[in-house]
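*Asks:* File entry-v1.csv follows (CSV, C-alpha atoms):
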```csv
chain,number,residue,atom,x,y,z
A,104,MET,CA,69.6,116.5,133.2
A,105,GLN,CA,70.5,120.2,133.3
A,106,CYS,CA,71.4,122.2,130.2
A,107,PRO,CA,75.1,122.8,131.0
A,108,ASP,CA,75.5,119.0,131.5
A,109,CYS,CA,73.8,118.3,128.3
A,110,VAL,CA,75.9,120.9,126.3
A,111,LYS,CA,79.1,119.4,127.7
A,112,LEU,CA,78.1,116.0,126.4
A,113,LEU,CA,76.9,117.0,122.9
A,114,TYR,CA,80.1,116.3,121.0
A,115,ALA,CA,80.5,112.9,122.7
A,116,TYR,CA,76.8,112.2,122.0
A,117,MET,CA,77.4,113.0,118.3
A,118,ASP,CA,80.4,110.7,118.1
A,119,ASP,CA,78.6,107.9,119.9
A,120,GLU,CA,81.1,108.0,122.7
A,121,LEU,CA,78.7,107.9,125.6
A,122,GLY,CA,77.5,105.0,127.6
A,123,ARG,CA,73.9,103.8,127.2
A,124,GLU,CA,72.6,105.6,130.2
A,125,GLU,CA,74.1,109.0,129.4
A,126,ARG,CA,73.1,108.7,125.8
A,127,LEU,CA,69.5,108.2,126.7
A,128,LEU,CA,69.6,111.2,129.1
A,129,VAL,CA,71.0,113.5,126.5
A,130,ALA,CA,68.5,112.2,123.9
A,131,SER,CA,65.5,112.8,126.1
A,132,HIS,CA,66.8,116.2,127.2
A,133,LEU,CA,67.3,117.3,123.6
A,134,LYS,CA,63.7,116.3,122.8
A,135,THR,CA,62.3,118.7,125.4
A,136,CYS,CA,64.9,121.6,125.6
A,137,GLU,CA,64.8,124.2,122.9
A,138,ALA,CA,68.0,125.9,124.0
A,139,CYS,CA,70.0,122.7,123.7
A,140,GLN,CA,68.3,121.8,120.4
A,141,LYS,CA,69.5,125.2,119.1
A,142,GLU,CA,73.1,124.3,120.3
A,143,TRP,CA,72.8,120.9,118.6
A,144,HIS,CA,71.6,122.4,115.3
A,145,GLU,CA,74.4,125.0,115.4
A,146,ILE,CA,77.0,122.3,115.8
A,147,GLN,CA,75.5,120.2,113.0
A,148,GLN,CA,75.4,123.3,110.7
A,149,ALA,CA,79.0,124.3,111.4
A,150,LEU,CA,80.3,120.8,110.7
A,151,ALA,CA,78.2,120.4,107.6
A,152,ALA,CA,79.6,123.7,106.3
A,153,TYR,CA,83.1,122.5,107.1
A,154,ARG,CA,82.6,119.2,105.4
A,155,GLY,CA,81.0,120.9,102.4
A,156,GLU,CA,84.1,123.0,101.8
A,157,PHE,CA,86.1,119.9,101.3
A,158,ALA,CA,83.8,118.5,98.6
A,159,ALA,CA,85.7,120.5,95.9
A,160,ILE,CA,89.2,119.6,97.3
A,161,SER,CA,91.1,117.1,95.2
A,162,ALA,CA,94.5,116.7,93.7
A,163,SER,CA,95.0,118.8,90.5
A,164,PRO,CA,95.3,117.0,87.1
A,165,GLY,CA,98.8,115.6,86.6
A,166,PHE,CA,99.5,115.2,90.3
A,167,THR,CA,100.7,111.6,90.1
A,168,GLY,CA,103.0,112.5,87.2
A,169,ARG,CA,104.6,115.3,89.2
A,170,VAL,CA,105.1,113.1,92.3
A,171,MET,CA,106.7,110.3,90.2
A,172,ALA,CA,109.0,112.8,88.4
A,173,SER,CA,110.2,114.1,91.8
A,174,LEU,CA,111.1,110.7,93.2
A,175,PRO,CA,114.8,110.1,93.9
A,176,GLU,CA,116.6,108.0,91.3
A,177,GLU,CA,118.4,105.6,93.5
A,178,SER,CA,117.2,102.0,93.4
A,179,GLN,CA,115.4,100.9,96.6
A,180,SER,CA,116.3,97.3,95.9
A,181,ALA,CA,120.0,98.0,95.8
A,182,LEU,CA,119.8,99.6,99.2
A,183,ALA,CA,117.7,96.7,100.5
A,184,PHE,CA,120.6,94.3,99.5
A,185,LEU,CA,123.2,96.5,101.1
A,186,PRO,CA,124.3,94.1,103.9
A,187,VAL,CA,124.6,91.2,101.4
A,188,THR,CA,126.6,93.5,99.1
A,189,ALA,CA,128.8,94.5,102.0
A,190,ILE,CA,129.6,90.9,103.0
A,191,GLY,CA,130.4,90.0,99.4
A,192,LEU,CA,132.7,93.0,98.9
A,193,LEU,CA,134.4,92.3,102.3
A,194,LEU,CA,135.1,88.6,101.3
A,195,ALA,CA,136.2,89.5,97.8
A,196,GLY,CA,138.4,92.3,99.1
A,197,SER,CA,140.0,90.1,101.7
A,198,ALA,CA,140.8,87.4,99.1
A,199,VAL,CA,142.4,90.0,96.8
A,200,ILE,CA,144.4,91.6,99.7
A,201,TYR,CA,145.6,88.1,100.8
A,202,ALA,CA,146.6,87.0,97.3
A,203,VAL,CA,148.3,90.2,96.3
A,204,PHE,CA,149.6,91.8,99.5
A,205,SER,CA,150.4,88.9,101.8
A,206,PRO,CA,154.1,89.3,101.5
A,207,LEU,CA,153.6,92.9,102.6
A,208,ILE,CA,151.0,92.3,105.2
A,209,TYR,CA,152.9,89.7,107.1
A,210,PRO,CA,155.7,92.1,108.2
A,211,ILE,CA,153.1,94.7,109.1
A,212,LEU,CA,151.2,92.2,111.2
A,213,ARG,CA,154.5,91.2,112.9
A,214,LEU,CA,155.2,94.8,113.7
A,215,LEU,CA,151.7,95.3,115.1
A,216,TYR,CA,152.1,92.1,117.2
A,217,ARG,CA,155.4,93.4,118.7
A,218,LEU,CA,153.7,96.7,119.4
A,219,LEU,CA,150.9,94.9,121.1
A,220,MET,CA,153.5,92.8,123.1
A,221,SER,CA,155.1,96.0,124.3
A,222,LEU,CA,151.9,97.9,125.1
A,223,ALA,CA,149.9,95.0,126.6
A,224,PRO,CA,152.1,92.0,127.0
A,225,LEU,CA,149.6,89.8,128.8
A,226,PRO,CA,146.8,89.6,126.2
A,227,ALA,CA,149.3,89.4,123.4
A,228,MET,CA,150.9,86.4,125.0
A,229,ILE,CA,147.6,84.8,126.0
A,230,LEU,CA,145.7,85.3,122.7
A,231,PRO,CA,147.9,83.1,120.4
A,232,ALA,CA,147.7,80.3,123.0
A,233,PHE,CA,143.9,80.3,122.7
A,234,PRO,CA,143.0,80.2,119.0
A,235,LEU,CA,139.3,80.0,119.9
A,236,LEU,CA,139.4,83.2,121.8
A,237,LEU,CA,141.3,84.9,119.0
A,238,TYR,CA,138.9,83.7,116.3
A,239,GLY,CA,135.9,84.4,118.6
A,240,GLY,CA,137.1,88.0,119.0
A,241,MET,CA,137.3,88.3,115.2
A,242,ALA,CA,133.8,86.9,114.9
A,243,VAL,CA,132.5,89.4,117.4
A,244,LEU,CA,134.2,92.2,115.3
A,245,ALA,CA,132.6,90.8,112.1
A,246,VAL,CA,129.1,90.7,113.8
A,247,ALA,CA,129.6,94.3,115.0
A,248,PHE,CA,130.5,95.3,111.4
A,249,LEU,CA,127.3,93.7,110.1
A,250,ILE,CA,125.2,95.4,112.8
A,251,LEU,CA,126.8,98.7,111.8
A,252,THR,CA,126.0,98.1,108.1
A,253,TRP,CA,122.4,97.2,108.9
A,254,THR,CA,122.0,100.4,111.1
A,255,THR,CA,123.5,102.5,108.4
A,256,ARG,CA,121.0,101.1,105.9
A,257,LYS,CA,118.1,101.9,108.3
A,258,VAL,CA,119.4,105.5,108.8
A,259,VAL,CA,119.8,105.9,105.0
A,260,LEU,CA,116.3,104.7,104.3
A,261,SER,CA,114.6,106.6,107.1
B,191,MET,CA,100.8,90.5,95.9
B,192,GLY,CA,99.6,93.9,97.2
B,193,LEU,CA,100.6,97.3,95.8
B,194,VAL,CA,102.4,98.2,99.1
B,195,HIS,CA,104.4,95.0,99.0
B,196,LEU,CA,105.4,95.6,95.3
B,197,ALA,CA,106.2,99.3,96.0
B,198,ARG,CA,108.5,98.2,98.9
B,199,ASP,CA,110.3,95.9,96.4
B,200,GLY,CA,111.1,99.0,94.3
B,201,ASP,CA,108.2,98.7,91.8
B,202,LYS,CA,107.6,102.3,90.8
B,203,ALA,CA,104.4,101.5,88.8
B,204,ALA,CA,102.9,100.0,92.0
B,205,PHE,CA,103.9,103.2,93.9
B,206,ALA,CA,102.2,105.3,91.2
B,207,LYS,CA,99.0,103.4,91.7
B,208,LEU,CA,99.2,104.0,95.4
B,209,VAL,CA,99.6,107.8,94.7
B,210,GLU,CA,96.6,107.6,92.4
B,211,GLN,CA,94.6,105.8,95.0
B,212,TYR,CA,95.3,108.1,98.0
B,213,GLN,CA,96.2,111.5,96.4
B,214,ASN,CA,92.7,113.1,97.0
B,215,ARG,CA,92.5,112.0,100.6
B,216,ILE,CA,96.1,113.2,101.3
B,217,VAL,CA,95.5,116.5,99.6
B,218,ALA,CA,92.3,116.9,101.7
B,219,VAL,CA,94.1,116.1,104.9
B,220,ALA,CA,96.9,118.6,104.0
B,221,TYR,CA,94.3,121.2,103.1
B,222,GLY,CA,92.6,120.7,106.4
B,223,VAL,CA,95.9,121.6,108.2
B,224,ALA,CA,97.4,124.1,105.8
B,225,GLY,CA,94.2,125.9,104.9
B,226,ASN,CA,95.1,126.6,101.3
B,227,ARG,CA,95.1,124.6,98.1
B,228,GLN,CA,98.6,125.4,96.8
B,229,ASP,CA,100.3,124.5,100.1
B,230,ALA,CA,98.1,121.4,100.3
B,231,GLU,CA,99.4,120.1,96.9
B,232,ASP,CA,103.0,120.8,97.9
B,233,ILE,CA,102.6,119.1,101.3
B,234,ALA,CA,100.9,116.1,99.6
B,235,GLN,CA,103.7,115.9,97.1
B,236,ASP,CA,106.3,116.0,99.9
B,237,THR,CA,104.3,113.3,101.7
B,238,PHE,CA,104.4,110.9,98.8
B,239,ILE,CA,108.2,111.5,98.3
B,240,LYS,CA,108.8,110.8,102.0
B,241,ALA,CA,106.7,107.7,101.8
B,242,TYR,CA,108.6,106.4,98.8
B,243,LYS,CA,111.9,107.0,100.6
B,244,GLY,CA,110.7,105.3,103.8
B,245,ILE,CA,108.5,102.5,102.5
B,246,ASN,CA,111.1,99.9,103.4
B,247,SER,CA,110.7,100.7,107.1
B,248,LEU,CA,107.0,99.9,106.9
B,249,GLN,CA,106.6,96.5,108.7
B,250,GLU,CA,103.0,95.8,107.8
B,251,ASP,CA,101.2,96.5,104.5
B,252,GLY,CA,97.8,97.0,106.2
B,253,VAL,CA,98.9,100.1,108.1
B,254,PHE,CA,100.1,102.0,104.9
B,255,TYR,CA,97.3,104.5,104.9
B,256,ARG,CA,97.6,105.3,108.6
B,257,TRP,CA,101.3,105.7,108.1
B,258,LEU,CA,100.8,108.0,105.1
B,259,VAL,CA,98.4,110.2,106.9
B,260,ARG,CA,100.8,110.5,109.8
B,261,ILE,CA,103.5,111.7,107.4
B,262,ALA,CA,101.0,114.1,105.8
B,263,VAL,CA,100.0,115.6,109.1
B,264,ASN,CA,103.5,116.0,110.4
B,265,THR,CA,104.7,117.5,107.0
B,266,ALA,CA,101.8,119.9,107.1
B,267,ILE,CA,102.4,121.0,110.7
B,268,SER,CA,106.1,121.6,110.1
B,269,HIS,CA,105.3,123.3,106.8
B,270,LYS,CA,103.1,125.8,108.7
B,271,GLN,CA,105.6,126.2,111.6
B,272,SER,CA,108.4,126.8,109.2
B,273,GLY,CA,106.6,129.8,107.8
B,274,ARG,CA,106.6,128.5,104.2
B,275,SER,CA,102.8,128.7,104.3
B,276,GLY,CA,101.2,130.3,101.3
B,277,GLU,CA,99.0,132.3,103.6
B,278,LEU,CA,101.7,134.9,103.7
B,279,ILE,CA,101.4,135.5,100.0
B,280,PRO,CA,98.6,137.7,98.9
B,281,LEU,CA,96.0,135.7,97.0
B,282,GLU,CA,96.0,138.2,94.1
B,283,SER,CA,99.6,137.6,93.5
B,284,ILE,CA,99.2,133.9,92.8
B,285,ALA,CA,98.5,133.2,89.2
B,286,GLU,CA,96.6,130.0,89.4
B,287,PRO,CA,95.7,128.3,86.1
B,288,VAL,CA,92.0,127.5,85.6
B,289,ASP,CA,91.4,123.7,85.7
B,290,GLN,CA,90.6,122.1,82.4
B,291,GLY,CA,86.9,122.4,81.6
B,292,GLU,CA,86.4,125.0,84.4
B,293,THR,CA,84.6,128.2,83.5
B,294,PRO,CA,85.8,131.5,84.9
B,295,GLU,CA,82.6,131.7,87.0
B,296,ALA,CA,83.2,128.3,88.4
B,297,TYR,CA,86.8,129.2,89.1
B,298,LEU,CA,85.8,132.4,91.0
B,299,GLU,CA,83.2,130.4,92.9
B,300,ARG,CA,85.8,127.8,93.9
B,301,ARG,CA,88.2,130.5,95.0
B,302,GLY,CA,85.5,132.1,97.0
B,303,GLU,CA,84.8,128.8,98.8
B,304,GLU,CA,88.5,128.3,99.5
B,305,GLU,CA,88.8,131.8,101.0
B,306,ARG,CA,85.8,131.0,103.2
B,307,ILE,CA,87.3,127.9,104.6
B,308,GLN,CA,90.6,129.7,105.1
B,309,GLU,CA,88.8,132.3,107.2
B,310,MET,CA,87.0,129.6,109.2
B,311,LEU,CA,90.3,127.7,109.9
B,312,ALA,CA,92.5,130.7,110.5
B,313,PRO,CA,92.0,130.8,114.3
B,314,LEU,CA,92.7,127.1,114.8
B,315,PRO,CA,96.2,125.9,115.7
B,316,SER,CA,97.7,123.2,113.3
B,317,ASP,CA,97.3,120.3,115.8
B,318,SER,CA,93.6,121.1,116.3
B,319,ARG,CA,93.1,121.3,112.5
B,320,ALA,CA,94.8,118.0,112.1
B,321,VAL,CA,92.5,116.3,114.6
B,322,LEU,CA,89.4,118.0,113.1
B,323,VAL,CA,90.1,116.9,109.5
B,324,LEU,CA,90.8,113.3,110.5
B,325,ARG,CA,87.6,113.2,112.5
B,326,GLU,CA,85.2,115.1,110.1
B,327,ILE,CA,86.7,114.4,106.7
B,328,GLU,CA,88.4,111.1,107.1
B,329,GLY,CA,85.8,109.8,109.5
B,330,LEU,CA,88.4,108.3,111.9
B,331,GLY,CA,87.4,107.4,115.5
B,332,TYR,CA,89.1,108.9,118.5
B,333,GLU,CA,91.2,105.8,119.1
B,334,GLU,CA,92.3,105.6,115.4
B,335,ILE,CA,93.3,109.3,115.5
B,336,ALA,CA,95.3,108.7,118.7
B,337,LYS,CA,97.2,105.9,116.9
B,338,VAL,CA,97.8,108.0,113.8
B,339,LEU,CA,99.0,111.0,115.6
B,340,GLU,CA,100.6,109.1,118.4
B,341,ILE,CA,98.9,111.2,121.1
B,342,PRO,CA,96.8,110.2,124.1
B,343,ILE,CA,93.1,109.7,123.4
B,344,GLY,CA,92.3,112.4,126.0
B,345,THR,CA,94.3,114.9,124.0
B,346,VAL,CA,92.3,113.8,120.8
B,347,ARG,CA,89.1,114.4,122.6
B,348,SER,CA,90.0,117.8,124.0
B,349,ARG,CA,91.4,119.0,120.6
B,350,ILE,CA,88.3,117.9,118.7
B,351,HIS,CA,86.1,119.7,121.2
B,352,TYR,CA,88.2,122.8,121.0
B,353,ALA,CA,88.3,122.8,117.2
B,354,ARG,CA,84.6,122.2,116.9
B,355,ASP,CA,83.9,125.0,119.4
B,356,ARG,CA,86.0,127.5,117.4
B,357,LEU,CA,84.5,126.4,114.1
B,358,ARG,CA,81.0,126.8,115.5
B,359,ARG,CA,81.7,130.2,116.9
B,360,ALA,CA,83.3,131.3,113.6
B,361,ILE,CA,80.2,130.2,111.6
B,362,SER,CA,77.8,131.7,114.1
B,363,LEU,CA,79.6,135.0,113.8
B,364,LYS,CA,79.6,134.8,110.0
B,365,ASN,CA,75.8,134.2,110.1
B,366,GLU,CA,75.2,137.1,112.4
B,367,VAL,CA,77.2,139.4,110.2
B,368,LYS,CA,75.0,138.3,107.2
```
What's the structure tokens form of this structure?
*Replies:*
Amino acid sequence: MQCPDCVKLLYAYMDDELGREERLLVASHLKTCEACQKEWHEIQQALAAYRGEFAAISASPGFTGRVMASLPEESQSALAFLPVTAIGLLLAGSAVIYAVFSPLIYPILRLLYRLLMSLAPLPAMILPAFPLLLYGGMAVLAVAFLILTWTTRKVVLS
Amino acid sequence: MGLVHLARDGDKAAFAKLVEQYQNRIVAVAYGVAGNRQDAEDIAQDTFIKAYKGINSLQEDGVFYRWLVRIAVNTAISHKQSGRSGELIPLESIAEPVDQGETPEAYLERRGEEERIQEMLAPLPSDSRAVLVLREIEGLGYEEIAKVLEIPIGTVRSRIHYARDRLRRAISLKNEVK
């Protein structure tokens, strides 16, 4: 093995990243070549100095306390239950709206239905004839709402 | 039940134990990238705050440390790139309290050591510093570093070689001057 080849492989040799054959070649070259031995010692010396500088590095006293005092106040568990909370609120809200405002909502729905009839007569005529399609559509909307809630939670937590 | 699991359930005491457990390693990693103690502490603090906010997104408890290191490295790199680095502030203008039980001589010696490492690290770009500290101080293998930093293993290899070369040249020059 020639010196330039050996020098190129010194870091990989040090990190045990070489195959058996190459490792043996580098090891035997290092035994006999003073120039490469010098390179090797310089690398070891530089890295030892670098590692040595970190020996005194540690967090200062009271670090944990400072971190804990800086943490946001909001409860993680409340956020984790956001979808469940949203479903509960949705159901409770719907019940309240139905109980209190149904006399008001019915005319609004009729108005919306007439608007739909004039804008898109075909689906408006078809939908009431197929309750499954109507409720299926509502279920799809509800699932879309749940996915949206879940995504919002992910974004808030990221 | 593990600390990571408890912390994910909102247990602050468990999270405090995690901070206690990993603070020195995270400060060291941050120091390796930032190059000065004050920035390293700020980066480490930001790292733990980000970890607390995002711990619910962690799918597996076993990868907590790797995930924490990734946050620390990214925080340190953006800290340096944003120009908030303390390197811009003259050292004399920073009034640093002497640690409890530390004599003035020991304090001066510590400051001297810190300045030496700052000089050694100064020529290295942040991404090379990150790879170097993970390899030499954290003792991670090439593959692990590639996973932590989400970069190809070939990039890890070339950055380690580059960083070691620069470090070796810096130390050789210093020795020649002496």
*Asks:* Restrict the calculation to all atoms listed in the file, then for each residue of chain B with any atom at most 8 Å from an atom of chain A give the closest atom pair and their distance in Å to one decimal, rows by chain and rising residue number, as CSV.
*Replies:*
```
residue,atom,partner,partner_atom,distance
B:Arg198,CA,A:Gln179,CA,7.8
B:Asp199,CA,A:Ser180,CA,6.2
B:Gly200,CA,A:Gln179,CA,5.2
B:Ala206,CA,A:Thr167,CA,6.6
B:Val209,CA,A:Thr167,CA,6.1
B:Glu210,CA,A:Thr167,CA,6.2
B:Gln213,CA,A:Ala162,CA,6.1
B:Asn214,CA,A:Ser161,CA,4.7
B:Arg215,CA,A:Ser161,CA,7.6
B:Val217,CA,A:Ala162,CA,6.0
B:Ala218,CA,A:Ile160,CA,6.0
B:Tyr221,CA,A:Ile160,CA,7.9
B:Arg227,CA,A:Ile160,CA,7.8
B:Glu231,CA,A:Ala162,CA,6.8
B:Gln235,CA,A:Val170,CA,5.7
B:Phe238,CA,A:Val170,CA,6.9
B:Ile239,CA,A:Leu174,CA,5.9
B:Tyr242,CA,A:Leu174,CA,7.5
B:Lys243,CA,A:Leu260,CA,6.2
B:Gly244,CA,A:Ser261,CA,5.3
B:Asn246,CA,A:Leu260,CA,7.1
B:Ser247,CA,A:Ser261,CA,7.1
B:Asp289,CA,A:Ser163,CA,7.7
B:Arg300,CA,A:Ala159,CA,7.6
B:Glu303,CA,A:Glu156,CA,6.6
B:Glu304,CA,A:Glu156,CA,7.3
B:Ile307,CA,A:Glu156,CA,6.5
B:Glu326,CA,A:Arg154,CA,6.8
B:Ile327,CA,A:Arg154,CA,6.4
B:His351,CA,A:Tyr114,CA,6.9
B:Arg354,CA,A:Leu150,CA,7.7
B:Leu357,CA,A:Ala149,CA,6.5
B:Arg358,CA,A:Ala149,CA,5.2
B:Ile361,CA,A:Ala149,CA,6.0
B:Ser362,CA,A:Glu145,CA,7.6
```
*Asks:* Rounded to one decimal in Å, what is the spacing between atom CA of Thr237 of chain B and atom CA of Ala262 of chain B?
*Replies:*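 Interatomic distance here is 5.3 Å.
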*Asks:* Which residues are close to Glu125 of chain A, i.e. within 10 Å by only C-alpha atoms, leaving aside same-chain residues fewer than 6 positions away? Reply as a count of residues only.
*Replies:* 5
*Asks:* Any idea what the distance is between atom CA of Ala360 of chain B and atom CA of Ser316 of chain B?
*Replies:*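 Computed distance, atom CA of Ala360 of chain B to atom CA of Ser316 of chain B, equals 16.5 Å.
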*Asks:* Which residue, B:Leu314, B:Val219, B:Ala296, B:Ala230, has the smallest gap to Val263 of chain B when you use all atoms listed in the file?
*Replies:*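 Ranked by minimum distance to Val263 of chain B, first place goes to B:Val219.
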*Asks:* Distance atom CA of Val338 of chain B-atom CA of Arg256 of chain B, one decimal place?
*Replies:* 5.9 Å
*Asks:* Tell me which of A:Ala245, A:Leu215, A:Cys106, A:Ala189 sits closest to Glu137 of chain A, counting only C-alpha atoms.
*Replies:*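 Once distances to Glu137 of chain A are computed over only C-alpha atoms, the minimum belongs to A:Cys106.
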*Asks:* For segment 137-154 of chain A, where the input has fewer atoms than it should, I would like N, CA and C atoms rebuilt and written as a CSV table (one decimal), in the coordinates of the input.
*Replies:*
```
chain,number,residue,atom,x,y,z
A,137,GLU,N,64.6,123.5,124.1
A,137,GLU,CA,64.8,124.2,122.9
A,137,GLU,C,66.2,124.8,122.8
A,138,ALA,N,66.7,125.3,124.0
A,138,ALA,CA,68.0,125.9,124.0
A,138,ALA,C,69.1,124.9,123.5
A,139,CYS,N,69.0,123.7,124.1
A,139,CYS,CA,70.0,122.7,123.7
A,139,CYS,C,69.8,122.2,122.3
A,140,GLN,N,68.5,122.2,121.8
A,140,GLN,CA,68.3,121.8,120.4
A,140,GLN,C,68.9,122.9,119.5
A,141,LYS,N,68.9,124.1,119.9
A,141,LYS,CA,69.5,125.2,119.1
A,141,LYS,C,71.1,125.0,119.1
A,142,GLU,N,71.6,124.6,120.2
A,142,GLU,CA,73.1,124.3,120.3
A,142,GLU,C,73.4,123.2,119.3
A,143,TRP,N,72.6,122.2,119.4
A,143,TRP,CA,72.8,120.9,118.6
A,143,TRP,C,72.7,121.3,117.1
A,144,HIS,N,71.8,122.1,116.7
A,144,HIS,CA,71.6,122.4,115.3
A,144,HIS,C,72.8,123.3,114.8
A,145,GLU,N,73.3,124.2,115.7
A,145,GLU,CA,74.4,125.0,115.4
A,145,GLU,C,75.7,124.2,115.1
A,146,ILE,N,75.9,123.2,116.0
A,146,ILE,CA,77.0,122.3,115.8
A,146,ILE,C,76.9,121.5,114.5
A,147,GLN,N,75.7,121.0,114.2
A,147,GLN,CA,75.5,120.2,113.0
A,147,GLN,C,75.7,121.1,111.7
A,148,GLN,N,75.2,122.4,111.8
A,148,GLN,CA,75.4,123.3,110.7
A,148,GLN,C,76.8,123.7,110.5
A,149,ALA,N,77.6,123.9,111.6
A,149,ALA,CA,79.0,124.3,111.4
A,149,ALA,C,79.8,123.1,110.8
A,150,LEU,N,79.5,121.9,111.3
A,150,LEU,CA,80.3,120.8,110.7
A,150,LEU,C,79.9,120.5,109.3
A,151,ALA,N,78.6,120.7,109.0
A,151,ALA,CA,78.2,120.4,107.6
A,151,ALA,C,78.9,121.4,106.7
A,152,ALA,N,79.0,122.7,107.1
A,152,ALA,CA,79.6,123.7,106.3
A,152,ALA,C,81.1,123.3,106.1
A,153,TYR,N,81.7,122.9,107.2
A,153,TYR,CA,83.1,122.5,107.1
A,153,TYR,C,83.3,121.4,106.1
A,154,ARG,N,82.5,120.3,106.3
A,154,ARG,CA,82.6,119.2,105.4
A,154,ARG,C,82.3,119.6,103.9
```
